[in-house]
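Source file entry-v8.txt; content: compact mmCIF, C-alpha atoms.
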```txt
# COMPACT_ATOMS: atom_id res chain seq x y z
CA MET A 1 -9.46 -4.19 -115.18
CA SER A 2 -8.26 -1.45 -117.54
CA GLN A 3 -10.41 1.58 -118.25
CA LEU A 4 -12.54 1.60 -121.36
CA THR A 5 -11.30 4.02 -124.01
CA ALA A 6 -13.59 6.75 -125.30
CA PRO A 7 -14.27 4.89 -128.61
CA GLU A 8 -15.08 1.74 -126.61
CA LEU A 9 -17.42 3.73 -124.39
CA LEU A 10 -19.23 5.14 -127.42
CA GLU A 11 -19.68 1.65 -128.84
CA ARG A 12 -21.09 0.45 -125.53
CA ILE A 13 -23.42 3.47 -125.44
CA LEU A 14 -24.75 2.63 -128.92
CA ASP A 15 -25.25 -0.98 -127.85
CA GLY A 16 -27.11 0.26 -124.78
CA ASN A 17 -29.40 2.39 -126.89
CA ARG A 18 -30.21 -0.58 -129.11
CA ARG A 19 -31.19 -2.52 -125.99
CA TRP A 20 -33.37 0.38 -124.84
CA SER A 21 -35.11 0.55 -128.23
CA GLU A 22 -35.92 -3.16 -127.95
CA GLY A 23 -37.33 -2.82 -124.43
CA ASN A 24 -34.39 -4.56 -122.77
CA THR A 25 -33.90 -3.23 -119.22
CA GLU A 26 -30.26 -4.32 -118.89
CA ARG A 27 -28.04 -1.41 -117.81
CA ASP A 28 -24.31 -1.01 -118.41
CA LEU A 29 -21.98 0.48 -115.78
CA LEU A 30 -19.55 1.36 -118.60
CA GLY A 31 -16.66 0.59 -116.31
CA ALA A 32 -17.83 2.93 -113.54
CA PRO A 33 -17.48 1.69 -109.93
CA SER A 34 -20.29 -0.59 -108.79
CA ASN A 35 -20.14 1.01 -105.34
CA PRO A 36 -22.96 3.61 -105.35
CA LEU A 37 -20.96 5.85 -103.01
CA GLU A 38 -18.19 6.30 -105.60
CA HIS A 39 -18.54 9.00 -108.26
CA GLN A 40 -16.38 8.28 -111.31
CA PRO A 41 -18.66 8.48 -114.38
CA PRO A 42 -16.70 7.78 -117.57
CA VAL A 43 -19.31 9.51 -119.75
CA ALA A 44 -20.82 13.00 -119.61
CA VAL A 45 -24.01 13.83 -121.49
CA ILE A 46 -24.99 17.37 -122.39
CA GLY A 47 -28.67 17.05 -123.19
CA CYS A 48 -32.02 18.77 -123.42
CA SER A 49 -34.39 19.06 -120.46
CA ASP A 50 -37.12 17.20 -122.37
CA ALA A 51 -38.74 14.65 -120.05
CA ARG A 52 -38.97 12.13 -122.90
CA VAL A 53 -35.18 11.90 -123.17
CA PRO A 54 -33.70 10.65 -119.87
CA PRO A 55 -30.03 10.22 -120.85
CA ALA A 56 -29.04 7.19 -118.77
CA ALA A 57 -32.16 5.22 -119.71
CA VAL A 58 -32.01 6.13 -123.41
CA LEU A 59 -28.35 5.07 -123.57
CA GLY A 60 -28.80 1.88 -121.55
CA ALA A 61 -26.48 3.07 -118.79
CA ALA A 62 -26.58 2.16 -115.11
CA ALA A 63 -26.74 4.66 -112.27
CA GLY A 64 -23.29 6.11 -111.70
CA ALA A 65 -22.11 5.72 -115.29
CA ILE A 66 -23.21 9.07 -116.73
CA PHE A 67 -22.67 12.65 -115.56
CA THR A 68 -25.62 14.66 -116.90
CA LEU A 69 -25.92 18.35 -117.74
CA ARG A 70 -29.34 19.41 -119.07
CA LEU A 71 -30.90 22.64 -120.32
CA PRO A 72 -33.61 23.23 -122.98
CA GLY A 73 -32.06 22.81 -126.41
CA HIS A 74 -28.86 21.60 -124.66
CA TYR A 75 -27.81 25.22 -124.40
CA VAL A 76 -24.25 25.80 -123.16
CA ASP A 77 -23.86 28.37 -120.40
CA ILE A 78 -21.17 28.91 -117.77
CA PRO A 79 -22.51 26.28 -115.30
CA VAL A 80 -22.77 23.67 -118.06
CA ALA A 81 -19.23 24.35 -119.28
CA ALA A 82 -17.91 24.40 -115.70
CA GLY A 83 -19.75 21.19 -114.86
CA LEU A 84 -18.22 19.42 -117.84
CA GLY A 85 -14.80 20.76 -116.89
CA PHE A 86 -15.27 19.35 -113.39
CA ALA A 87 -16.17 15.95 -114.82
CA MET A 88 -13.15 15.96 -117.11
CA THR A 89 -10.63 17.04 -114.49
CA SER A 90 -11.95 15.48 -111.28
CA LEU A 91 -14.13 12.49 -112.12
CA GLY A 92 -12.20 10.71 -114.85
CA THR A 93 -14.77 11.39 -117.59
CA ARG A 94 -13.38 10.50 -121.03
CA LEU A 95 -16.36 10.66 -123.39
CA ALA A 96 -18.61 13.71 -123.73
CA ILE A 97 -21.84 13.34 -125.69
CA VAL A 98 -24.14 16.04 -127.00
CA LEU A 99 -27.55 14.34 -126.99
CA ALA A 100 -29.97 16.19 -129.26
CA HIS A 101 -33.42 14.85 -130.05
CA GLU A 102 -36.19 15.07 -132.63
CA ASP A 103 -39.27 17.16 -131.84
CA CYS A 104 -37.25 19.56 -129.66
CA ARG A 105 -39.60 22.38 -128.65
CA ALA A 106 -36.72 24.72 -127.74
CA VAL A 107 -35.11 24.34 -131.17
CA ASP A 108 -38.52 24.62 -132.84
CA ALA A 109 -39.03 27.96 -131.09
CA ALA A 110 -35.48 29.05 -131.98
CA TYR A 111 -36.07 28.19 -135.64
CA THR A 112 -39.31 30.20 -135.64
CA GLU A 113 -37.45 33.14 -134.13
CA TYR A 114 -34.65 32.69 -136.67
CA THR A 115 -37.10 32.76 -139.61
CA THR A 116 -39.53 35.42 -138.35
CA GLY A 117 -37.50 37.51 -135.92
CA VAL A 118 -40.22 37.04 -133.30
CA PRO A 119 -39.92 34.64 -130.32
CA PRO A 120 -43.01 32.40 -130.21
CA ASN A 121 -42.66 31.79 -126.47
CA LEU A 122 -41.73 34.75 -124.29
CA ALA A 123 -40.80 32.49 -121.38
CA LEU A 124 -38.14 30.83 -123.53
CA ALA A 125 -37.12 33.97 -125.44
CA PRO A 126 -33.82 34.63 -123.61
CA LEU A 127 -32.69 31.10 -124.48
CA THR A 128 -34.21 30.72 -127.95
CA GLY A 129 -32.76 34.05 -129.00
CA SER A 130 -29.29 32.67 -128.28
CA LEU A 131 -30.06 29.42 -130.12
CA ALA A 132 -31.46 31.38 -133.08
CA ALA A 133 -28.29 33.49 -133.19
CA GLY A 134 -26.31 30.25 -133.26
CA LEU A 135 -28.30 29.06 -136.28
CA TYR A 136 -27.51 32.34 -138.02
CA ARG A 137 -23.79 32.12 -137.26
CA ALA A 138 -23.71 28.53 -138.55
CA GLY A 139 -25.11 29.59 -141.91
CA GLY A 140 -28.77 28.99 -141.18
CA ALA A 141 -31.12 26.04 -141.34
CA THR A 142 -33.67 25.01 -143.96
CA SER A 143 -36.20 23.41 -141.62
CA VAL A 144 -36.81 22.57 -137.98
CA THR A 145 -35.36 19.12 -138.61
CA ASP A 146 -32.21 20.68 -140.08
CA ALA A 147 -32.08 23.19 -137.20
CA ILE A 148 -31.98 20.34 -134.66
CA ASP A 149 -28.79 18.97 -136.23
CA VAL A 150 -27.24 22.42 -136.72
CA ASN A 151 -27.97 23.29 -133.10
CA ALA A 152 -26.46 20.01 -131.90
CA ARG A 153 -23.22 20.71 -133.74
CA ASN A 154 -23.27 24.28 -132.39
CA THR A 155 -23.48 22.86 -128.87
CA ALA A 156 -20.37 20.76 -129.48
CA GLU A 157 -18.47 23.77 -130.80
CA ASN A 158 -19.61 25.90 -127.86
CA LEU A 159 -18.46 23.25 -125.40
CA ILE A 160 -15.01 23.21 -126.98
CA ALA A 161 -14.86 27.02 -126.90
CA GLN A 162 -16.13 27.42 -123.32
CA CYS A 163 -14.60 24.38 -121.60
CA PRO A 164 -10.77 24.53 -121.66
CA SER A 165 -10.48 21.14 -119.94
CA LEU A 166 -12.45 19.44 -122.69
CA ARG A 167 -10.56 21.28 -125.41
CA GLN A 168 -7.20 20.28 -123.97
CA ALA A 169 -8.24 16.65 -123.50
CA LEU A 170 -9.38 16.48 -127.11
CA ILE A 171 -6.13 17.98 -128.37
CA ASP A 172 -4.11 15.56 -126.23
CA GLY A 173 -6.16 12.57 -127.38
CA ASP A 174 -7.39 11.84 -123.85
CA ALA A 175 -11.09 12.34 -124.58
CA GLN A 176 -13.70 12.24 -127.32
CA LEU A 177 -16.68 14.48 -128.08
CA ALA A 178 -19.56 12.90 -130.01
CA VAL A 179 -22.90 14.28 -131.19
CA LEU A 180 -25.98 12.04 -131.22
CA ARG A 181 -29.63 12.63 -132.12
CA TYR A 182 -32.37 10.65 -130.38
CA SER A 183 -35.77 9.83 -131.83
CA PRO A 184 -38.57 9.47 -129.25
CA ALA A 185 -40.58 7.72 -131.98
CA THR A 186 -38.09 4.93 -132.72
CA ARG A 187 -36.15 5.14 -129.40
CA LEU A 188 -32.92 4.98 -131.40
CA VAL A 189 -29.98 7.38 -131.60
CA THR A 190 -28.25 8.46 -134.78
CA VAL A 191 -24.57 9.43 -134.74
CA LEU A 192 -24.25 12.92 -136.22
CA GLU A 193 -20.56 13.33 -135.34
CA GLU A 194 -18.43 10.53 -133.95
CA SER A 195 -15.54 12.77 -132.97
CA VAL A 196 -15.60 16.59 -132.91
CA MET A 197 -12.21 18.24 -132.64
CA PRO A 198 -11.13 21.81 -131.81
CA PRO A 199 -10.24 24.10 -134.72
CA ARG A 200 -6.73 23.65 -136.04
CA ASP A 201 -5.64 26.99 -134.58
CA ALA A 202 -6.65 25.96 -131.04
CA THR A 203 -3.66 26.29 -128.73
CA HIS A 204 -2.56 24.62 -125.55
```

The structure given in the file should be rewritten as structure tokens.
Amino acid sequence: MSQLTAPELLERILDGNRRWSEGNTERDLLGAPSNPLEHQPPVAVIGCSDARVPPAAVLGAAAGAIFTLRLPGHYVDIPVAAGLGFAMTSLGTRLAIVLAHEDCRAVDAAYTEYTTGVPPNLALAPLTGSLAAGLYRAGGATSVTDAIDVNARNTAENLIAQCPSLRQALIDGDAQLAVLRYSPATRLVTVLEESVMPPRDATH
């Protein structure tokens, strides 16, 4: 059986999310090995730590199908970028997904810090300060809802900048980077960006 392409994987992911939203417990291996001892996830998800957004469940994926990297506000640091690079180079991952979500407390705090200059949660301040700076660099946000989408796109851009393996795979057409937003209320994802590419001046 031939491997699923990245666009095919994304379509299967969207189908899986529709099943999840309807309460269907069917899970898709997405072409990953059925042997639980094998580790070849075709999809990587960079998501938030929020307990309401378990990536595999939300996307209707079976155990072994998704490589997950999670930090509040899906912040990109060195371990996240390195983990994604490992998945791309060693595990056969072909689709990377930034999975943002509505009612994100980390982004809410970052937006407050962006608008007031004061972190509302000192425990999160080192992280929300970086997210707030990202909102500023992106041209700002008009609301928390807008900030969630701006932050999600920032995450995709940061992944491309900090993960050379992903950047090269995108340039070569061997991978795809998508940005989705999940709603805990409706249990559905919205596609914000189907395919994010490196800037035109990105080099090999």

Can you list, as a compact mmCIF listing (two decimals) with C-alpha atoms, in the coordinates of the input, every protein, DNA or RNA residue that comes within 7 Å of A:Gln176 when you count all atoms listed in the file, leaving out same-chain residues fewer than 2 positions away?
```txt
# COMPACT_ATOMS: atom_id res chain seq x y z
CA ALA A 6 -13.59 6.75 -125.30
CA ARG A 94 -13.38 10.50 -121.03
CA LEU A 95 -16.36 10.66 -123.39
CA ALA A 96 -18.61 13.71 -123.73
CA LEU A 170 -9.38 16.48 -127.11
CA ALA A 178 -19.56 12.90 -130.01
CA SER A 195 -15.54 12.77 -132.97
```

Centre, edges in Å (one decimal): axis-aligned box, stretch 190-194 of chain A, 3 Å padding on all six sides, as lines of an AutoDock Vina configuration file:
```
center_x = -23.3
center_y = 10.9
center_z = -135.1
size_x = 15.8
size_y = 10.9
size_z = 8.3
```

Residue contacts of A:Ala161 (10 Å, all atoms listed in the file) excluding same-chain residues fewer than 3 positions away, as a PyMOL selection string: chain A and resi 81+155-158+164+166-167+198-199+202

Test item: residues at most 12 Å from A:Pro126, all atoms listed in the file, excluding those fewer than 6 positions along its chain, as a PyMOL selection string: chain A and resi 72+75+106+109-110+113+118-120+132-133

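Atom CA of A:Ala62 is found 13.2 Å from atom CA of A:Asp15.
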
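Closest approach to A:Ser143 from the set A:Tyr114, A:Phe86, A:Arg19, A:Asn35 is made by A:Tyr114, with distances taken over only C-alpha atoms.
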
Given only C-alpha atoms as the basis, pick out the residue of A:Ala175, A:Leu59, A:Ala65, A:Leu131 nearest to A:Leu99. A:Leu59

Around the point (-19.5, 7.5, -108.8), in the coordinates given by the file, pick out the residues reaching within 12 Å, counting all atoms listed in the file, and return them as a ChimeraX atom specification. /A:29-43,62-67,87,90-93

Atom-to-atom span, atom CA of A:Thr112 and atom CA of A:Asp50, Å: 18.7 Å

One decimal, in Å: what's the spacing between atom CA of A:Val58 and atom CA of A:His74? 15.8 Å

Given the point (-31.8, 29.1, -140.9) in the file's coordinates, find the residues that have an atom at most 12 Å from it, counting all atoms listed in the file, and give them as number ranges by chain. A: 107-108, 110-117, 131-151

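Near A:Thr68, within a cut-off of 8 Å and counting only C-alpha atoms, sit the residues Ala44, Val45, Ile46, Gly47 and Pro55 of chain A, with same-chain residues fewer than 6 positions away left out.
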
Pick from A:Ile97, A:Asp77, A:Asn24, A:Cys163, whichever lies nearest to A:Leu9 using all atoms listed in the file: A:Ile97

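Checking A:Thr128, A:Asn121, A:Thr89, A:Ser183 one by one against A:Ala169, counting all atoms listed in the file, you find the shortest gap at A:Thr89.
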